[in-house]
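Here the structure is laid out as structure tokens; the discussion comes afterwards.
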Amino acid sequence: KNEVEQSPQNLTAQEGEFITINCSYSVGISALHWLQQHPGGGIVSLFMLSSGKKKHGRLIATINIQEKHSSLHITASHPRDSAVYICAVGSGGGADGLTFGKGTHLIIQP
Amino acid sequence: EPEVTQTPSHQVTQMGQEVILRCVPISNHLYFYWYRQILGQKVEFLVSFYNNEISEKSEIFDDQFSVERPDGSNFTLKIRSTKLEDSAMYFCAIQGDWNTEAFFGQGTRLTVV
């Protein structure tokens, strides 16, 4: 069974700061997902990675398969980025669904 | 327009009652999932559904739970006799294939009283 650990659990930063959220997992995976959960509870997919790096606007996600580690970066952070960021991993085949981390609660202060 | 819509958004039910949570994907996907999130905890896998049958289920998904895709579009989760500890946010998720992006519904907040 995969264990997914995220750090930090809570992060408060000032607007404009560069943010890094880390995720590590214990067992080899087929894909890693970064998700964003808003205060109302809805979950939005940000990235799906199986190798390398992806960028979307101010968000960058990287993964190191050998190290079993991924990072989510937010450049020029803004108060609207305040949310819970969740790392989830999937094994090959899709039957087992995703295994989730506990999430990182991010607050960006103006 | 969201890829998947869940109804209802919030349901309050008496302990012992049956509830049905519904999920409607916008387009064709191969994999369907139900997850739940108890307040303050992480999201947990309940069940996966592929090719019109259960593919995998977790320990949480016991005999009181069932899933169906009765008409080829709606995907339902039924809880036969709800318990207080079933109170949680329930998310439906879909994937076009196992190694593609996952789309989540907005969730159904179930409160058992």
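Chain labels run A, B, ... following the order of the structure tokens; each chain numbers its residues from 1, and ligands are numbered from 1 in the order shown.
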
Which residues are close to segment 79-88 of chain A, i.e. within 8 Å by only C-alpha atoms, leaving aside same-chain residues fewer than 3 positions away? Reply as a ChimeraX atom specification. /A:4,6,15,23,32-39,98-110

Contacts of chain B with chain A up to 7 Å, shortest pair per row, only C-alpha atoms, as CSV:
```
residue,atom,partner,partner_atom,distance
B:Tyr33,CA,A:Gly97,CA,6.9
B:Gln41,CA,A:Lys102,CA,6.8
B:Lys42,CA,A:Lys102,CA,4.7
B:Val43,CA,A:Phe100,CA,6.0
B:Glu44,CA,A:Phe100,CA,6.9
B:Phe45,CA,A:Gly97,CA,6.3
B:Ser48,CA,A:Ala95,CA,5.9
B:Ser55,CA,A:Ala95,CA,5.5
B:Glu56,CA,A:Ala95,CA,5.5
B:Trp98,CA,A:Gly94,CA,4.2
B:Asn99,CA,A:Ala31,CA,6.4
B:Glu101,CA,A:Met48,CA,5.7
B:Ala102,CA,A:Ser45,CA,6.6
B:Phe103,CA,A:Ser45,CA,6.5
B:Phe104,CA,A:Ile43,CA,6.0
B:Gln106,CA,A:Gly42,CA,4.5
B:Gly107,CA,A:Gly42,CA,6.2
```

Contacts of segment 11-16 of chain B at 6 Å (only C-alpha atoms; same-chain gap of 5+ positions) as a PDB file with all heavy atoms, in the first residue's frame:
```
ATOM      1  N   SER B  81     -28.172   1.425   4.642  1.00  0.00           N
ATOM      2  CA  SER B  81     -28.625   1.759   5.996  1.00  0.00           C
ATOM      3  C   SER B  81     -27.566   2.646   6.625  1.00  0.00           C
ATOM      4  O   SER B  81     -26.564   2.157   7.159  1.00  0.00           O
ATOM      5  CB  SER B  81     -28.830   0.473   6.809  1.00  0.00           C
ATOM      6  OG  SER B  81     -29.214   0.777   8.134  1.00  0.00           O
ATOM      7  N   THR B  82     -27.779   3.945   6.519  1.00  0.00           N
ATOM      8  CA  THR B  82     -26.725   4.881   6.897  1.00  0.00           C
ATOM      9  C   THR B  82     -26.444   4.859   8.389  1.00  0.00           C
ATOM     10  O   THR B  82     -27.343   4.650   9.221  1.00  0.00           O
ATOM     11  CB  THR B  82     -27.114   6.307   6.470  1.00  0.00           C
ATOM     12  OG1 THR B  82     -28.443   6.595   6.932  1.00  0.00           O
ATOM     13  CG2 THR B  82     -27.041   6.459   4.969  1.00  0.00           C
ATOM     14  N   LYS B  83     -25.165   5.087   8.711  1.00  0.00           N
ATOM     15  CA  LYS B  83     -24.715   5.197  10.101  1.00  0.00           C
ATOM     16  C   LYS B  83     -24.153   6.609  10.293  1.00  0.00           C
ATOM     17  O   LYS B  83     -23.828   7.297   9.321  1.00  0.00           O
ATOM     18  CB  LYS B  83     -23.605   4.187  10.376  1.00  0.00           C
ATOM     19  CG  LYS B  83     -23.983   2.755  10.115  1.00  0.00           C
ATOM     20  CD  LYS B  83     -22.783   1.849  10.366  1.00  0.00           C
ATOM     21  CE  LYS B  83     -22.730   0.804   9.273  1.00  0.00           C
ATOM     22  NZ  LYS B  83     -21.528   0.031   9.247  1.00  0.00           N
ATOM     23  N   LEU B 110     -22.828  14.534   2.801  1.00  0.00           N
ATOM     24  CA  LEU B 110     -23.837  13.704   3.455  1.00  0.00           C
ATOM     25  C   LEU B 110     -23.734  13.875   4.969  1.00  0.00           C
ATOM     26  O   LEU B 110     -22.650  13.696   5.541  1.00  0.00           O
ATOM     27  CB  LEU B 110     -23.643  12.225   3.094  1.00  0.00           C
ATOM     28  CG  LEU B 110     -24.587  11.241   3.782  1.00  0.00           C
ATOM     29  CD1 LEU B 110     -26.030  11.472   3.335  1.00  0.00           C
ATOM     30  CD2 LEU B 110     -24.165   9.797   3.517  1.00  0.00           C
ATOM     31  N   THR B 111     -24.845  14.229   5.565  1.00  0.00           N
ATOM     32  CA  THR B 111     -24.913  14.360   7.024  1.00  0.00           C
ATOM     33  C   THR B 111     -25.932  13.356   7.541  1.00  0.00           C
ATOM     34  O   THR B 111     -27.113  13.421   7.151  1.00  0.00           O
ATOM     35  CB  THR B 111     -25.323  15.783   7.433  1.00  0.00           C
ATOM     36  OG1 THR B 111     -24.394  16.722   6.868  1.00  0.00           O
ATOM     37  CG2 THR B 111     -25.315  15.924   8.945  1.00  0.00           C
ATOM     38  N   VAL B 112     -25.501  12.443   8.384  1.00  0.00           N
ATOM     39  CA  VAL B 112     -26.399  11.445   8.976  1.00  0.00           C
ATOM     40  C   VAL B 112     -26.661  11.854  10.421  1.00  0.00           C
ATOM     41  O   VAL B 112     -25.713  12.079  11.191  1.00  0.00           O
ATOM     42  CB  VAL B 112     -25.779  10.038   8.930  1.00  0.00           C
ATOM     43  CG1 VAL B 112     -26.762   9.018   9.498  1.00  0.00           C
ATOM     44  CG2 VAL B 112     -25.401   9.662   7.502  1.00  0.00           C
ATOM     45  N   VAL B 113     -27.958  11.979  10.745  1.00  0.00           N
ATOM     46  CA  VAL B 113     -28.322  12.453  12.092  1.00  0.00           C
ATOM     47  C   VAL B 113     -29.102  11.366  12.863  1.00  0.00           C
ATOM     48  O   VAL B 113     -29.603  10.424  12.268  1.00  0.00           O
ATOM     49  CB  VAL B 113     -29.139  13.755  12.014  1.00  0.00           C
ATOM     50  CG1 VAL B 113     -28.309  14.861  11.405  1.00  0.00           C
ATOM     51  CG2 VAL B 113     -30.432  13.536  11.222  1.00  0.00           C
TER      52      VAL B 113
END
```

For Glu67 of chain A, list every protein, DNA or RNA residue within 10 Å, evaluated using only C-alpha atoms, and leave out those in the same chain fewer than 3 positions away; present the list as a short mmCIF file (atom, residue, chain, number, x, y, z; two decimals) with all heavy atoms, in the first residue's frame.
```cif
data_model
loop_
_atom_site.label_atom_id
_atom_site.label_comp_id
_atom_site.auth_asym_id
_atom_site.auth_seq_id
_atom_site.Cartn_x
_atom_site.Cartn_y
_atom_site.Cartn_z
N SER A 24 5.97 13.08 -1.14
CA SER A 24 6.77 11.87 -1.32
C SER A 24 5.87 10.66 -1.15
O SER A 24 4.85 10.72 -0.46
CB SER A 24 7.93 11.83 -0.33
OG SER A 24 7.46 11.84 0.99
N TYR A 25 6.23 9.58 -1.81
CA TYR A 25 5.42 8.38 -1.75
C TYR A 25 6.34 7.18 -1.60
O TYR A 25 7.54 7.26 -1.88
CB TYR A 25 4.53 8.26 -2.99
CG TYR A 25 5.26 8.44 -4.30
CD1 TYR A 25 5.77 7.35 -4.98
CD2 TYR A 25 5.42 9.71 -4.86
CE1 TYR A 25 6.45 7.51 -6.18
CE2 TYR A 25 6.10 9.88 -6.05
CZ TYR A 25 6.61 8.79 -6.71
OH TYR A 25 7.29 8.95 -7.90
N SER A 26 5.79 6.08 -1.15
CA SER A 26 6.64 4.96 -0.73
C SER A 26 6.81 3.87 -1.78
O SER A 26 7.80 3.14 -1.77
CB SER A 26 6.07 4.33 0.55
OG SER A 26 4.75 3.89 0.34
N GLY A 28 6.45 2.61 -6.03
CA GLY A 28 6.44 3.07 -7.40
C GLY A 28 5.03 3.29 -7.94
O GLY A 28 4.09 2.58 -7.58
N ILE A 63 8.45 16.02 -10.97
CA ILE A 63 8.46 14.70 -10.34
C ILE A 63 9.80 14.03 -10.59
O ILE A 63 10.36 14.15 -11.68
CB ILE A 63 7.29 13.82 -10.83
CG1 ILE A 63 7.21 12.53 -10.00
CG2 ILE A 63 7.41 13.52 -12.32
CD1 ILE A 63 5.92 11.75 -10.23
N ASN A 64 10.32 13.37 -9.55
CA ASN A 64 11.54 12.58 -9.65
C ASN A 64 11.15 11.15 -9.30
O ASN A 64 10.95 10.81 -8.14
CB ASN A 64 12.61 13.11 -8.69
CG ASN A 64 13.93 12.38 -8.84
OD1 ASN A 64 13.97 11.16 -9.01
ND2 ASN A 64 15.02 13.13 -8.79
N SER A 70 7.76 14.54 -5.55
CA SER A 70 7.24 15.55 -6.47
C SER A 70 7.12 16.88 -5.72
O SER A 70 6.95 16.90 -4.50
CB SER A 70 5.86 15.12 -6.99
OG SER A 70 5.28 16.13 -7.79
#
```

What residues in segment 2-109 of chain A get the DSSP label strand (DSSP E or B)? Please answer as an MDAnalysis selection string. chainID A and resid 4:7 10:14 19:25 31:37 43:49 52:56 59:64 69:74 83:90 98:100 104:109

Name the residues in contact with Phe91 of chain B at a cut-off of 6 Å, using only C-alpha atoms, excluding same-chain residues fewer than 6 positions from it; report them as number ranges by chain. B: 34-36, 105, 107

Export of the given selection (C-alpha atoms) as a CSV table (one decimal), in the first residue's frame:
```
chain,number,residue,atom,x,y,z
B,34,TRP,CA,-16.2,7.0,-5.6
B,35,TYR,CA,-14.2,8.6,-2.9
B,36,ARG,CA,-15.1,10.0,0.5
B,105,GLY,CA,-17.5,16.2,-9.2
B,107,GLY,CA,-19.1,16.5,-4.1
```

Could you check how far atom CA of His78 of chain A sits from atom CA of Thr62 of chain A, in Å to one decimal?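 If I compute the distance from atom CA of His78 of chain A to atom CA of Thr62 of chain A, I get 20.8 Å.
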
Residue nearest Glu68 of chain B - candidates B:Ser87, B:Gln37, B:Thr7, B:Asn51, atoms counted: only C-alpha atoms: B:Asn51
